[in-house]
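Undergrad: What follows is a structure written as structure tokens; I'll ask about it next.
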Amino acid sequence: MNTPSTAEKYLQDFHQRQVGVTSAAFAHLPARSARGTYASSYAALTSLVPAVDTPLTVLDLACGDGHLLGLLAARQQAQLQLLGVDMSEAELAAARAALPASVRLLPGRGQALDLPSASVDYLVSHMALMLMDDIEQVVREMRRVLRPGGQFAAIVGRTFLLGEVNDVFMRVFKPIASDALPPLRFGDRRTGSEAGWRELLDAGFTEVEFDDIDVPWTTTPGDLWAALRDTYDIDRLDDDARQRLRGAFMDAVAPLHAGDGLIATGWGLRAVRARAA
């Protein structure tokens, strides 16, 4: 797919307006999986990149404002070469301002990476692949730039909110969305399941593995709404629909308050790992 879709154009516009929104949502919250507990979902992903003294080239696909690359750069591995690709010039500008000059940042799309074949040892991506157009071409490009035996690791969405809050939100969101939200399809449904990822990775990758990652968050209803407001579908609502949703959500979530007025929820993620065949 050479021409960006309507969904991709929207994502470009969103990230021009909302620079750093992904790291703002995830970087401050601890994450846990069967493999352990981490300072954040970004830290869970960077823990998979080996800390070695030998040459290692790491590509962060859809690097955003560079938060993950910053965690890797902080290791100060002498022979670590860091690359970042993103389609948002605003996000790349934020990354350039925050990262060491040694980190190479490139504008681009996952469907056509401007990198030599077999030039990357480890490819990582945080909360982006499930949104991309033509995911089969993205996977082909990932395999092309990875060296044989190179590693791939990504964090993608698994469920929206954790716990009962998810059901409460969907109950009030769906009636408003059906009336006020223009249809727009993000990504490929296969990226939402382990079976779908196995199908996508089957041709070029081996040793496909998964981990469920929970990002628990106990917060106030107001702070939860502020985070929800910066999600794609709520951003796409007009002001009237957004205000109706806010009122309905605040009313619906009120019975879930703990004695201290806080709500226990969070985000449900999935880690996908594989080796280039």
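Ligands are numbered from 1 in the order shown, residues from 1 within each chain, and chains are lettered A, B, ... in the order they appear in the structure tokens.
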Do you have, as a tab-separated table, the list of residues of stretch 23-134 of chain A lying at most 6 Å from stretch 147-170 of chain A, each with its nearest atom pair and that distance in Å to one decimal, counting only C-alpha atoms and ordered by chain then number?
TA:
residue	atom	partner	partner_atom	distance
A:Ala118	CA	A:Arg147	CA	4.0
A:Val120	CA	A:Arg147	CA	5.8
A:Asp121	CA	A:Gly150	CA	4.7
A:Tyr122	CA	A:Gln151	CA	4.7
A:Leu123	CA	A:Phe152	CA	4.8
A:Val124	CA	A:Ala153	CA	4.9
A:Ser125	CA	A:Ala154	CA	4.6
A:His126	CA	A:Ile155	CA	4.9
A:Met127	CA	A:Val156	CA	4.7
Undergrad: Those residues you just picked out, can you put them in a file as a tab-separated table (two decimals), in the first residue's frame with N, CA, C and O atoms?
TA:
chain	number	residue	atom	x	y	z
A	118	ALA	N	18.92	-6.87	5.95
A	118	ALA	CA	19.80	-7.58	6.89
A	118	ALA	C	20.76	-6.64	7.61
A	118	ALA	O	21.95	-6.94	7.77
A	120	VAL	N	19.73	-5.01	10.73
A	120	VAL	CA	19.25	-4.80	12.09
A	120	VAL	C	19.33	-6.11	12.87
A	120	VAL	O	18.95	-7.17	12.36
A	121	ASP	N	19.82	-6.03	14.10
A	121	ASP	CA	19.87	-7.21	14.97
A	121	ASP	C	18.60	-7.40	15.79
A	121	ASP	O	18.20	-8.52	16.08
A	122	TYR	N	17.99	-6.29	16.20
A	122	TYR	CA	16.82	-6.37	17.08
A	122	TYR	C	15.84	-5.28	16.66
A	122	TYR	O	16.23	-4.12	16.53
A	123	LEU	N	14.61	-5.66	16.40
A	123	LEU	CA	13.56	-4.71	16.04
A	123	LEU	C	12.50	-4.71	17.12
A	123	LEU	O	11.97	-5.77	17.48
A	124	VAL	N	12.20	-3.53	17.66
A	124	VAL	CA	11.20	-3.40	18.72
A	124	VAL	C	10.13	-2.41	18.28
A	124	VAL	O	10.37	-1.55	17.41
A	125	SER	N	8.96	-2.51	18.91
A	125	SER	CA	7.88	-1.58	18.61
A	125	SER	C	6.91	-1.58	19.79
A	125	SER	O	6.57	-2.64	20.31
A	126	HIS	N	6.48	-0.39	20.19
A	126	HIS	CA	5.61	-0.26	21.37
A	126	HIS	C	4.28	0.37	20.96
A	126	HIS	O	4.23	1.52	20.55
A	127	MET	N	3.21	-0.40	21.06
A	127	MET	CA	1.83	0.05	20.87
A	127	MET	C	1.62	0.75	19.52
A	127	MET	O	1.05	1.84	19.46
Undergrad: Might you pull out every residue within 12 Å of A:Ala24, with only C-alpha atoms counted and same-chain residues fewer than 5 positions away left off, and present them as a PDB file with C-alpha atoms, in the first residue's frame?
TA:
ATOM      1  CA  GLN A  18      -0.778  15.074  20.584  1.00  0.00           C
ATOM      2  CA  VAL A  19       2.985  14.637  20.662  1.00  0.00           C
ATOM      3  CA  LEU A  29       2.902   3.002  35.155  1.00  0.00           C
ATOM      4  CA  SER A  40       6.809   0.323  32.666  1.00  0.00           C
ATOM      5  CA  SER A  41       5.700  -1.495  29.533  1.00  0.00           C
ATOM      6  CA  TYR A  42       8.586   0.280  27.775  1.00  0.00           C
ATOM      7  CA  GLY A  64       7.196   8.253  18.680  1.00  0.00           C
ATOM      8  CA  ASP A  65       8.866  10.748  21.000  1.00  0.00           C
ATOM      9  CA  GLY A  66      11.780   8.367  21.559  1.00  0.00           C
ATOM     10  CA  HIS A  67      11.041   7.212  25.106  1.00  0.00           C
ATOM     11  CA  ALA A 226      -8.354  12.565  30.922  1.00  0.00           C
ATOM     12  CA  ALA A 227      -6.437   9.507  29.717  1.00  0.00           C
ATOM     13  CA  ASP A 230      -6.564  11.127  24.479  1.00  0.00           C
ATOM     14  CA  THR A 231      -7.464   7.800  22.870  1.00  0.00           C
TER      15      THR A 231
END
Undergrad: Measuring between only C-alpha atoms, which one of A:Arg104, A:Met130, A:Gln76, A:Val21 shows the shortest distance to A:Phe186?
TA: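 Nearest to A:Phe186: A:Met130.
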Undergrad: Would you work out the distance separating atom CA of A:Pro183 from atom CA of A:Glu199, expressed in Å to one decimal?
TA: 26.5 Å
Undergrad: Looking only at the backbone, which of the residues in stretch 37-265 of chain A does DSSP tag as strand (DSSP E), as a ChimeraX atom specification?
TA: /A:37-38,56-61,80-86,104-107,120-126,146-161,205-219,263-265
Undergrad: Please, which residues of stretch 76-154 of chain A, numbered as in this document, come out alpha helix (DSSP H) from DSSP, as a list in words?
TA: Glu89, Ala90, Glu91, Leu92, Ala93, Ala94, Ala95, Arg96, Ala97, Ala98, Ile135, Glu136, Gln137, Val138, Val139, Arg140, Glu141, Met142, Arg143, Arg144 and Val145 of chain A
Undergrad: Which one of A:Gly187, A:Gly196, A:Pro182, A:Pro255 sits closest to A:Leu237 if you count only C-alpha atoms?
TA: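 Going through A:Gly187, A:Gly196, A:Pro182, A:Pro255 one by one, the smallest distance to A:Leu237 is for A:Pro182.
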